[in-house]
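Below is input-v1.cif, which holds mmCIF, C-alpha atoms, pLDDT in the B column; chains and numbers go by the auth columns.
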```
data_start
#
loop_
_atom_site.group_PDB
_atom_site.id
_atom_site.type_symbol
_atom_site.label_atom_id
_atom_site.label_comp_id
_atom_site.label_asym_id
_atom_site.label_seq_id
_atom_site.Cartn_x
_atom_site.Cartn_y
_atom_site.Cartn_z
_atom_site.B_iso_or_equiv
_atom_site.auth_seq_id
_atom_site.auth_asym_id
ATOM 1 C CA MET A 1 48.507 20.599 -51.450 61.00 1 A
ATOM 2 C CA LEU A 2 46.894 23.517 -53.267 63.00 2 A
ATOM 3 C CA VAL A 3 47.738 27.201 -53.574 74.00 3 A
ATOM 4 C CA PHE A 4 45.017 29.749 -52.927 72.00 4 A
ATOM 5 C CA ASN A 5 44.256 30.401 -56.619 78.00 5 A
ATOM 6 C CA GLU A 6 43.827 26.678 -57.262 78.00 6 A
ATOM 7 C CA ILE A 7 41.235 26.493 -54.479 72.00 7 A
ATOM 8 C CA VAL A 8 39.385 29.471 -56.006 74.00 8 A
ATOM 9 C CA GLN A 9 39.445 27.817 -59.422 81.00 9 A
ATOM 10 C CA LYS A 10 38.132 24.493 -58.129 75.00 10 A
ATOM 11 C CA LEU A 11 35.368 26.033 -56.018 73.00 11 A
ATOM 12 C CA GLN A 12 34.500 28.781 -58.519 79.00 12 A
ATOM 13 C CA PHE A 13 33.599 31.092 -55.654 81.00 13 A
ATOM 14 C CA PRO A 14 34.545 34.775 -55.342 84.00 14 A
ATOM 15 C CA LYS A 15 38.079 35.248 -53.980 81.00 15 A
ATOM 16 C CA THR A 16 36.838 37.168 -50.958 83.00 16 A
ATOM 17 C CA SER A 17 34.482 34.325 -49.995 79.00 17 A
ATOM 18 C CA VAL A 18 37.183 31.695 -50.461 74.00 18 A
ATOM 19 C CA TYR A 19 39.643 33.805 -48.445 82.00 19 A
ATOM 20 C CA ARG A 20 37.252 34.005 -45.487 84.00 20 A
ATOM 21 C CA MET A 21 36.378 30.310 -45.730 81.00 21 A
ATOM 22 C CA VAL A 22 40.011 29.192 -45.935 73.00 22 A
ATOM 23 C CA GLY A 23 40.907 31.455 -43.028 79.00 23 A
ATOM 24 C CA SER A 24 38.150 29.985 -40.859 78.00 24 A
ATOM 25 C CA LEU A 25 39.097 26.391 -41.743 72.00 25 A
ATOM 26 C CA THR A 26 42.737 27.131 -40.944 76.00 26 A
ATOM 27 C CA ASP A 27 41.794 28.623 -37.560 75.00 27 A
ATOM 28 C CA MET A 28 39.773 25.487 -36.806 70.00 28 A
ATOM 29 C CA GLY A 29 42.693 23.241 -37.692 69.00 29 A
ATOM 30 C CA LEU A 30 40.892 21.682 -40.636 65.00 30 A
ATOM 31 C CA LEU A 31 43.413 23.224 -43.052 70.00 31 A
ATOM 32 C CA GLN A 32 47.109 23.836 -42.592 69.00 32 A
ATOM 33 C CA LYS A 33 49.113 26.462 -44.519 74.00 33 A
ATOM 34 C CA GLU A 34 52.714 25.725 -45.417 71.00 34 A
ATOM 35 C CA ASP A 35 54.895 27.670 -47.882 71.00 35 A
ATOM 36 C CA GLY A 36 51.843 29.363 -49.356 75.00 36 A
ATOM 37 C CA LYS A 37 50.015 26.090 -49.945 76.00 37 A
ATOM 38 C CA TYR A 38 47.095 24.526 -48.101 70.00 38 A
ATOM 39 C CA ARG A 39 46.609 20.918 -47.058 67.00 39 A
ATOM 40 C CA LEU A 40 44.308 19.026 -44.681 63.00 40 A
ATOM 41 C CA GLY A 41 45.028 19.833 -41.050 58.00 41 A
ATOM 42 C CA LEU A 42 45.640 17.568 -38.090 51.00 42 A
ATOM 43 C CA THR A 43 42.026 17.898 -36.971 55.00 43 A
ATOM 44 C CA PHE A 44 40.946 15.793 -39.951 50.00 44 A
ATOM 45 C CA LEU A 45 43.463 13.159 -38.887 45.00 45 A
ATOM 46 C CA GLN A 46 42.058 13.203 -35.366 47.00 46 A
ATOM 47 C CA PHE A 47 38.513 12.801 -36.718 50.00 47 A
ATOM 48 C CA GLY A 48 39.704 9.900 -38.841 49.00 48 A
ATOM 49 C CA LEU A 49 41.301 8.218 -35.857 45.00 49 A
ATOM 50 C CA LEU A 50 38.109 8.630 -33.829 48.00 50 A
ATOM 51 C CA VAL A 51 36.017 7.067 -36.571 48.00 51 A
ATOM 52 C CA SER A 52 38.523 4.247 -37.012 47.00 52 A
ATOM 53 C CA GLU A 53 38.577 3.651 -33.272 52.00 53 A
ATOM 54 C CA ARG A 54 34.800 3.384 -33.113 53.00 54 A
ATOM 55 C CA LEU A 55 34.742 0.983 -36.037 53.00 55 A
ATOM 56 C CA ASP A 56 37.432 -1.113 -34.354 79.00 56 A
ATOM 57 C CA VAL A 57 35.583 -1.366 -31.061 87.00 57 A
ATOM 58 C CA ARG A 58 32.384 -2.426 -32.847 88.00 58 A
ATOM 59 C CA LYS A 59 34.249 -5.067 -34.828 87.00 59 A
ATOM 60 C CA VAL A 60 35.973 -6.431 -31.729 90.00 60 A
ATOM 61 C CA ALA A 61 32.936 -6.216 -29.464 94.00 61 A
ATOM 62 C CA LEU A 62 30.249 -7.762 -31.667 94.00 62 A
ATOM 63 C CA PRO A 63 31.228 -11.463 -31.391 95.00 63 A
ATOM 64 C CA LEU A 64 31.683 -11.002 -27.642 96.00 64 A
ATOM 65 C CA MET A 65 28.261 -9.384 -27.442 96.00 65 A
ATOM 66 C CA TYR A 66 26.680 -12.432 -29.058 96.00 66 A
ATOM 67 C CA SER A 67 28.460 -14.710 -26.579 96.00 67 A
ATOM 68 C CA LEU A 68 27.325 -12.556 -23.665 97.00 68 A
ATOM 69 C CA ARG A 69 23.738 -12.513 -24.962 96.00 69 A
ATOM 70 C CA ASP A 70 23.757 -16.294 -25.283 96.00 70 A
ATOM 71 C CA GLU A 71 25.056 -16.681 -21.721 96.00 71 A
ATOM 72 C CA VAL A 72 22.627 -14.379 -19.953 95.00 72 A
ATOM 73 C CA GLY A 73 19.648 -14.363 -22.342 94.00 73 A
ATOM 74 C CA GLU A 74 19.289 -10.583 -22.291 95.00 74 A
ATOM 75 C CA ALA A 75 19.908 -7.782 -24.777 95.00 75 A
ATOM 76 C CA VAL A 76 23.465 -6.469 -24.997 96.00 76 A
ATOM 77 C CA ASN A 77 24.339 -2.921 -26.081 95.00 77 A
ATOM 78 C CA LEU A 78 27.507 -1.053 -27.030 96.00 78 A
ATOM 79 C CA ILE A 79 27.640 2.687 -26.410 94.00 79 A
ATOM 80 C CA VAL A 80 30.199 5.376 -27.216 92.00 80 A
ATOM 81 C CA ARG A 81 30.385 9.022 -26.294 91.00 81 A
ATOM 82 C CA ASP A 82 29.451 11.743 -28.757 87.00 82 A
ATOM 83 C CA ARG A 83 30.209 15.088 -27.115 85.00 83 A
ATOM 84 C CA ASP A 84 27.745 15.418 -24.225 89.00 84 A
ATOM 85 C CA GLU A 85 25.664 12.401 -25.186 91.00 85 A
ATOM 86 C CA ALA A 86 25.977 8.656 -25.407 92.00 86 A
ATOM 87 C CA ILE A 87 25.053 6.927 -28.648 91.00 87 A
ATOM 88 C CA TYR A 88 24.132 3.278 -29.111 91.00 88 A
ATOM 89 C CA VAL A 89 26.372 2.007 -31.923 89.00 89 A
ATOM 90 C CA GLU A 90 25.733 -1.740 -31.725 91.00 90 A
ATOM 91 C CA LYS A 91 23.193 -4.086 -30.177 92.00 91 A
ATOM 92 C CA VAL A 92 22.357 -7.776 -29.922 93.00 92 A
ATOM 93 C CA ASP A 93 18.715 -8.445 -29.083 90.00 93 A
ATOM 94 C CA THR A 94 17.475 -11.091 -26.698 86.00 94 A
ATOM 95 C CA GLU A 95 15.381 -13.938 -28.020 81.00 95 A
ATOM 96 C CA GLN A 96 12.950 -13.662 -25.116 78.00 96 A
ATOM 97 C CA PRO A 97 9.440 -12.444 -26.027 76.00 97 A
ATOM 98 C CA VAL A 98 9.460 -9.698 -23.371 66.00 98 A
ATOM 99 C CA ARG A 99 12.388 -7.437 -24.068 64.00 99 A
ATOM 100 C CA VAL A 100 13.754 -3.901 -23.933 72.00 100 A
ATOM 101 C CA TYR A 101 14.028 -2.554 -27.466 67.00 101 A
ATOM 102 C CA THR A 102 16.875 -0.147 -28.161 75.00 102 A
ATOM 103 C CA GLN A 103 17.532 1.181 -31.654 75.00 103 A
ATOM 104 C CA THR A 104 21.062 1.577 -32.988 80.00 104 A
ATOM 105 C CA GLY A 105 21.742 5.286 -33.276 82.00 105 A
ATOM 106 C CA ARG A 106 19.671 6.135 -30.224 86.00 106 A
ATOM 107 C CA ARG A 107 21.104 8.927 -28.098 90.00 107 A
ATOM 108 C CA ALA A 108 20.896 9.314 -24.350 93.00 108 A
ATOM 109 C CA PRO A 109 22.203 11.804 -21.798 95.00 109 A
ATOM 110 C CA MET A 110 25.284 10.527 -20.020 96.00 110 A
ATOM 111 C CA TYR A 111 23.795 10.993 -16.550 96.00 111 A
ATOM 112 C CA ALA A 112 20.963 8.492 -17.057 96.00 112 A
ATOM 113 C CA GLY A 113 21.178 4.739 -17.408 95.00 113 A
ATOM 114 C CA ALA A 114 23.974 2.347 -16.505 95.00 114 A
ATOM 115 C CA CYS A 115 25.756 2.347 -19.848 94.00 115 A
ATOM 116 C CA PRO A 116 25.736 6.094 -20.597 95.00 116 A
ATOM 117 C CA ARG A 117 26.744 6.798 -17.003 96.00 117 A
ATOM 118 C CA ILE A 118 29.745 4.449 -17.091 97.00 118 A
ATOM 119 C CA LEU A 119 31.184 6.678 -19.818 96.00 119 A
ATOM 120 C CA LEU A 120 30.641 9.724 -17.625 97.00 120 A
ATOM 121 C CA ALA A 121 32.141 7.989 -14.592 97.00 121 A
ATOM 122 C CA PHE A 122 35.469 7.500 -16.350 96.00 122 A
ATOM 123 C CA LEU A 123 35.853 10.967 -17.818 94.00 123 A
ATOM 124 C CA PRO A 124 38.744 13.049 -16.452 93.00 124 A
ATOM 125 C CA PHE A 125 37.492 14.648 -13.241 93.00 125 A
ATOM 126 C CA GLN A 126 37.478 18.258 -14.493 93.00 126 A
ATOM 127 C CA GLU A 127 35.596 17.284 -17.634 94.00 127 A
ATOM 128 C CA GLN A 128 33.163 15.203 -15.616 96.00 128 A
ATOM 129 C CA GLU A 129 32.573 17.991 -13.130 96.00 129 A
ATOM 130 C CA GLN A 130 31.979 20.508 -15.903 95.00 130 A
ATOM 131 C CA TYR A 131 29.334 18.219 -17.388 96.00 131 A
ATOM 132 C CA VAL A 132 27.628 17.528 -14.050 96.00 132 A
ATOM 133 C CA GLY A 133 27.652 21.206 -13.133 95.00 133 A
ATOM 134 C CA ASN A 134 26.100 22.371 -16.396 94.00 134 A
ATOM 135 C CA VAL A 135 23.749 19.623 -17.557 95.00 135 A
ATOM 136 C CA GLU A 136 20.017 19.868 -16.891 95.00 136 A
ATOM 137 C CA LEU A 137 19.072 16.703 -15.010 96.00 137 A
ATOM 138 C CA LYS A 138 15.705 15.968 -16.571 95.00 138 A
ATOM 139 C CA PRO A 139 13.524 13.195 -15.079 95.00 139 A
ATOM 140 C CA LEU A 140 13.287 10.797 -18.027 95.00 140 A
ATOM 141 C CA ALA A 141 11.698 7.996 -15.987 96.00 141 A
ATOM 142 C CA LYS A 142 10.730 7.340 -12.370 96.00 142 A
ATOM 143 C CA GLY A 143 14.272 6.336 -11.364 96.00 143 A
ATOM 144 C CA THR A 144 16.268 9.060 -13.144 97.00 144 A
ATOM 145 C CA ILE A 145 18.869 10.720 -10.922 97.00 145 A
ATOM 146 C CA THR A 146 18.050 14.435 -10.775 96.00 146 A
ATOM 147 C CA ASP A 147 20.132 15.444 -7.749 97.00 147 A
ATOM 148 C CA ARG A 148 23.710 16.531 -8.547 97.00 148 A
ATOM 149 C CA ALA A 149 25.087 15.397 -5.199 97.00 149 A
ATOM 150 C CA VAL A 150 23.581 11.934 -5.667 97.00 150 A
ATOM 151 C CA LEU A 151 24.904 11.775 -9.242 97.00 151 A
ATOM 152 C CA ARG A 152 28.425 12.681 -8.103 97.00 152 A
ATOM 153 C CA SER A 153 28.286 9.964 -5.447 97.00 153 A
ATOM 154 C CA VAL A 154 27.064 7.340 -7.922 97.00 154 A
ATOM 155 C CA LEU A 155 29.748 8.326 -10.443 97.00 155 A
ATOM 156 C CA SER A 156 32.482 8.004 -7.816 97.00 156 A
ATOM 157 C CA GLU A 157 31.189 4.603 -6.723 97.00 157 A
ATOM 158 C CA SER A 158 30.965 3.371 -10.329 97.00 158 A
ATOM 159 C CA ARG A 159 34.540 4.422 -11.036 96.00 159 A
ATOM 160 C CA ILE A 160 35.842 2.671 -7.943 96.00 160 A
ATOM 161 C CA LYS A 161 33.874 -0.539 -8.494 96.00 161 A
ATOM 162 C CA GLY A 162 34.239 -0.620 -12.281 96.00 162 A
ATOM 163 C CA TYR A 163 30.571 -1.087 -13.146 97.00 163 A
ATOM 164 C CA SER A 164 27.209 0.661 -12.942 97.00 164 A
ATOM 165 C CA ILE A 165 23.631 -0.454 -12.303 97.00 165 A
ATOM 166 C CA SER A 166 20.391 1.334 -13.171 96.00 166 A
ATOM 167 C CA HIS A 167 16.686 0.767 -12.630 96.00 167 A
ATOM 168 C CA SER A 168 13.994 2.789 -14.456 95.00 168 A
ATOM 169 C CA GLU A 169 16.322 5.651 -15.379 96.00 169 A
ATOM 170 C CA LEU A 170 15.820 5.921 -19.147 94.00 170 A
ATOM 171 C CA GLU A 171 12.523 4.042 -19.312 93.00 171 A
ATOM 172 C CA ASN A 172 10.200 2.826 -16.581 95.00 172 A
ATOM 173 C CA ASP A 173 10.478 -0.815 -15.493 94.00 173 A
ATOM 174 C CA THR A 174 13.764 -1.401 -17.347 95.00 174 A
ATOM 175 C CA SER A 175 17.134 -2.213 -15.804 96.00 175 A
ATOM 176 C CA ALA A 176 20.732 -2.414 -16.965 96.00 176 A
ATOM 177 C CA VAL A 177 24.243 -3.197 -15.798 97.00 177 A
ATOM 178 C CA ALA A 178 27.315 -1.844 -17.591 98.00 178 A
ATOM 179 C CA ALA A 179 31.101 -1.869 -17.595 98.00 179 A
ATOM 180 C CA PRO A 180 33.719 0.255 -19.383 97.00 180 A
ATOM 181 C CA ILE A 181 35.820 -0.764 -22.371 96.00 181 A
ATOM 182 C CA PHE A 182 39.395 0.564 -22.450 94.00 182 A
ATOM 183 C CA ASP A 183 41.705 1.032 -25.442 89.00 183 A
ATOM 184 C CA HIS A 184 45.462 0.498 -25.632 85.00 184 A
ATOM 185 C CA ARG A 185 46.065 3.902 -23.995 86.00 185 A
ATOM 186 C CA GLY A 186 43.987 3.010 -20.972 90.00 186 A
ATOM 187 C CA MET A 187 41.217 5.401 -22.042 90.00 187 A
ATOM 188 C CA VAL A 188 37.557 4.425 -21.822 94.00 188 A
ATOM 189 C CA ILE A 189 36.188 4.484 -25.371 93.00 189 A
ATOM 190 C CA ALA A 190 32.916 2.577 -24.966 95.00 190 A
ATOM 191 C CA GLY A 191 30.485 1.013 -22.554 96.00 191 A
ATOM 192 C CA LEU A 192 29.064 -2.504 -22.666 97.00 192 A
ATOM 193 C CA SER A 193 25.693 -3.178 -21.086 97.00 193 A
ATOM 194 C CA ILE A 194 23.113 -5.857 -20.425 97.00 194 A
ATOM 195 C CA ALA A 195 19.558 -4.526 -20.437 95.00 195 A
ATOM 196 C CA GLY A 196 16.124 -5.985 -19.836 94.00 196 A
ATOM 197 C CA PRO A 197 12.857 -5.727 -17.928 94.00 197 A
ATOM 198 C CA THR A 198 13.322 -4.989 -14.222 94.00 198 A
ATOM 199 C CA THR A 199 11.329 -8.136 -13.368 93.00 199 A
ATOM 200 C CA ARG A 200 14.300 -10.184 -14.608 93.00 200 A
ATOM 201 C CA PHE A 201 16.880 -8.078 -12.750 94.00 201 A
ATOM 202 C CA ASP A 202 16.226 -9.135 -9.156 91.00 202 A
ATOM 203 C CA GLU A 203 18.951 -8.512 -6.580 88.00 203 A
ATOM 204 C CA GLU A 204 20.419 -12.008 -6.730 88.00 204 A
ATOM 205 C CA ARG A 205 20.610 -12.150 -10.532 94.00 205 A
ATOM 206 C CA VAL A 206 21.979 -8.621 -10.890 95.00 206 A
ATOM 207 C CA TRP A 207 25.318 -9.643 -9.381 95.00 207 A
ATOM 208 C CA THR A 208 25.661 -12.503 -11.863 96.00 208 A
ATOM 209 C CA LEU A 209 24.949 -10.071 -14.695 97.00 209 A
ATOM 210 C CA VAL A 210 27.485 -7.603 -13.302 97.00 210 A
ATOM 211 C CA GLU A 211 30.153 -10.290 -13.169 97.00 211 A
ATOM 212 C CA ARG A 212 29.512 -11.307 -16.788 97.00 212 A
ATOM 213 C CA VAL A 213 29.393 -7.796 -18.240 98.00 213 A
ATOM 214 C CA VAL A 214 32.625 -6.881 -16.441 97.00 214 A
ATOM 215 C CA PHE A 215 34.267 -10.056 -17.751 97.00 215 A
ATOM 216 C CA TYR A 216 33.286 -9.414 -21.361 97.00 216 A
ATOM 217 C CA ALA A 217 34.131 -5.697 -21.220 97.00 217 A
ATOM 218 C CA HIS A 218 37.577 -6.642 -19.940 96.00 218 A
ATOM 219 C CA GLU A 219 37.965 -9.220 -22.720 94.00 219 A
ATOM 220 C CA CYS A 220 37.070 -6.599 -25.298 94.00 220 A
ATOM 221 C CA SER A 221 39.543 -4.160 -23.735 93.00 221 A
ATOM 222 C CA THR A 222 42.281 -6.786 -23.867 91.00 222 A
ATOM 223 C CA ARG A 223 41.634 -7.427 -27.561 88.00 223 A
ATOM 224 C CA LEU A 224 41.930 -3.687 -28.156 86.00 224 A
ATOM 225 C CA GLY A 225 45.399 -3.706 -26.602 86.00 225 A
ATOM 226 C CA TYR A 226 44.558 -2.695 -23.048 85.00 226 A
ATOM 227 C CA ASN A 227 46.963 -3.951 -20.416 81.00 227 A
ATOM 228 C CA ALA A 228 45.575 -3.345 -16.941 71.00 228 A
#
```
Is it possible to give me this structure as structure tokens?
Amino acid sequence: MLVFNEIVQKLQFPKTSVYRMVGSLTDMGLLQKEDGKYRLGLTFLQFGLLVSERLDVRKVALPLMYSLRDEVGEAVNLIVRDRDEAIYVEKVDTEQPVRVYTQTGRRAPMYAGACPRILLAFLPFQEQEQYVGNVELKPLAKGTITDRAVLRSVLSESRIKGYSISHSELENDTSAVAAPIFDHRGMVIAGLSIAGPTTRFDEERVWTLVERVVFYAHECSTRLGYNA
């Protein structure tokens, strides 16, 4: 904990500038004032927990992703939410010569693609509706959902069934199936997906892939402390 003058001394900024900066950080919850002294606020703790949670899910999911890849022979991806986007935080590539390449760190809108959309499907309804009502539904590929009524219907169906399927939504001639990963609180913190060329995702095989991705997502959830 530091008093105001100590902060000024360490930063070597004018007092008026430090006063405004400290006031803004306090309002944001990044600093907390107590008995004339300042310390890190609860918001920093929340950020730390979010980062820790994401690291935990990657650590738990990765060996399961390799097992899933080996079973189905397709690429497996792990996605988490970052505000109004989904971000790919882990991947295991297929060994097949024809593949769908996805780079770790890639971002995607939550309305498009099986894995981003599974995150959207399990948001609290008001938060989901706010997103759907405000987002611009851009046609990213020939199968992208650009109708809000259709998107709402697909989201409802995905939440009820516990999985999502997409064809040519983020990129043409690519398909994916995805399932949610829950933490110990019962909150969805990530999505697990199998992705590949649409030619390998025929109707009969899709249901096998759905069954496997749901199984492994549930196994990951269980290891994170989820009790259905």
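Considering the residues A:Glu74, A:Asp35, A:Glu171, A:Glu129 and counting all atoms listed in the file, Ala112 of chain A has its shortest atom-to-atom contact with A:Glu171.
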Specify as a PDB file with C-alpha atoms, keeping the file's coordinate frame each residue included when the PyMOL selection byres ((chain A and resi 82-94) around 8) is applied to this file.
```pdb
ATOM      1  CA  ARG A  58      32.384  -2.426 -32.847  1.00 88.00           C
ATOM      2  CA  LEU A  62      30.249  -7.762 -31.667  1.00 94.00           C
ATOM      3  CA  MET A  65      28.261  -9.384 -27.442  1.00 96.00           C
ATOM      4  CA  TYR A  66      26.680 -12.432 -29.058  1.00 96.00           C
ATOM      5  CA  ARG A  69      23.738 -12.513 -24.962  1.00 96.00           C
ATOM      6  CA  GLY A  73      19.648 -14.363 -22.342  1.00 94.00           C
ATOM      7  CA  GLU A  74      19.289 -10.583 -22.291  1.00 95.00           C
ATOM      8  CA  ALA A  75      19.908  -7.782 -24.777  1.00 95.00           C
ATOM      9  CA  VAL A  76      23.465  -6.469 -24.997  1.00 96.00           C
ATOM     10  CA  ASN A  77      24.339  -2.921 -26.081  1.00 95.00           C
ATOM     11  CA  LEU A  78      27.507  -1.053 -27.030  1.00 96.00           C
ATOM     12  CA  ILE A  79      27.640   2.687 -26.410  1.00 94.00           C
ATOM     13  CA  VAL A  80      30.199   5.376 -27.216  1.00 92.00           C
ATOM     14  CA  ARG A  81      30.385   9.022 -26.294  1.00 91.00           C
ATOM     15  CA  GLU A  95      15.381 -13.938 -28.020  1.00 81.00           C
ATOM     16  CA  GLN A  96      12.950 -13.662 -25.116  1.00 78.00           C
ATOM     17  CA  ARG A  99      12.388  -7.437 -24.068  1.00 64.00           C
ATOM     18  CA  TYR A 101      14.028  -2.554 -27.466  1.00 67.00           C
ATOM     19  CA  THR A 102      16.875  -0.147 -28.161  1.00 75.00           C
ATOM     20  CA  GLN A 103      17.532   1.181 -31.654  1.00 75.00           C
ATOM     21  CA  THR A 104      21.062   1.577 -32.988  1.00 80.00           C
ATOM     22  CA  GLY A 105      21.742   5.286 -33.276  1.00 82.00           C
ATOM     23  CA  ARG A 106      19.671   6.135 -30.224  1.00 86.00           C
ATOM     24  CA  ARG A 107      21.104   8.927 -28.098  1.00 90.00           C
ATOM     25  CA  ALA A 108      20.896   9.314 -24.350  1.00 93.00           C
ATOM     26  CA  PRO A 109      22.203  11.804 -21.798  1.00 95.00           C
ATOM     27  CA  MET A 110      25.284  10.527 -20.020  1.00 96.00           C
ATOM     28  CA  PRO A 116      25.736   6.094 -20.597  1.00 95.00           C
ATOM     29  CA  LEU A 119      31.184   6.678 -19.818  1.00 96.00           C
ATOM     30  CA  TYR A 131      29.334  18.219 -17.388  1.00 96.00           C
TER      31      TYR A 131
END
```
Using all atoms of segment 114-121 of chain A that appear in the file, construct an axis-aligned enclosing box with 8 Å of padding on every side and provide its centre coordinates and edge lengths in Å, rounded to one decimal, as JSON.
```
{"center_x": 28.1, "center_y": 6.0, "center_z": -17.6, "size_x": 24.2, "size_y": 23.4, "size_z": 22.0}
```
### Task
Just say which residues the PyMOL selection byres ((chain A and resi 205-211) around 12) picks in this file, as a PyMOL selection string.
chain A and resi 68-69+71-76+114+158+161-167+175-180+192-204+212-218
### Query
What does the distance between atom CA of Lys33 of chain A and atom CA of Val3 of chain A come to in Å, to one decimal place?
9.2 Å
#### Entry: Result set of the PyMOL selection byres ((chain A and resi 143) around 8) on the coordinates above, as a PyMOL selection string
chain A and resi 139+141-142+144-145+167-170+172
### Query
Which one of A:Gly225, A:Gly113, A:Val57, A:Phe13 sits closest to Leu140 of chain A if you count all atoms listed in the file?
A:Gly113
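Distances to Asp183 of chain A were evaluated for A:Lys59, A:Arg159, A:Arg148, A:Arg223 using all atoms listed in the file, and the minimum falls at A:Arg223.
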## Note on the structure
What separates atom CA of Gly186 of chain A and atom CA of Pro124 of chain A is a distance of 12.2 Å
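We find atom CA of Leu151 of chain A and atom CA of Thr174 of chain A to be spaced 19.1 Å apart.
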### Task
Tell me which of A:Tyr38, A:Phe4, A:Tyr111, A:Tyr226 sits closest to Lys138 of chain A, counting all atoms listed in the file.
A:Tyr111
### Query
Which of these, A:Met28, A:Gly191, A:Val100, A:Leu64, has the shortest distance to Ile118 of chain A once you count all atoms listed in the file?
A:Gly191
### Task
Go through A:Gly133, A:Pro14, A:Gly36, A:Gly23 and flag the residue nearest Thr146 of chain A, using all atoms listed in the file for the distances.
A:Gly133
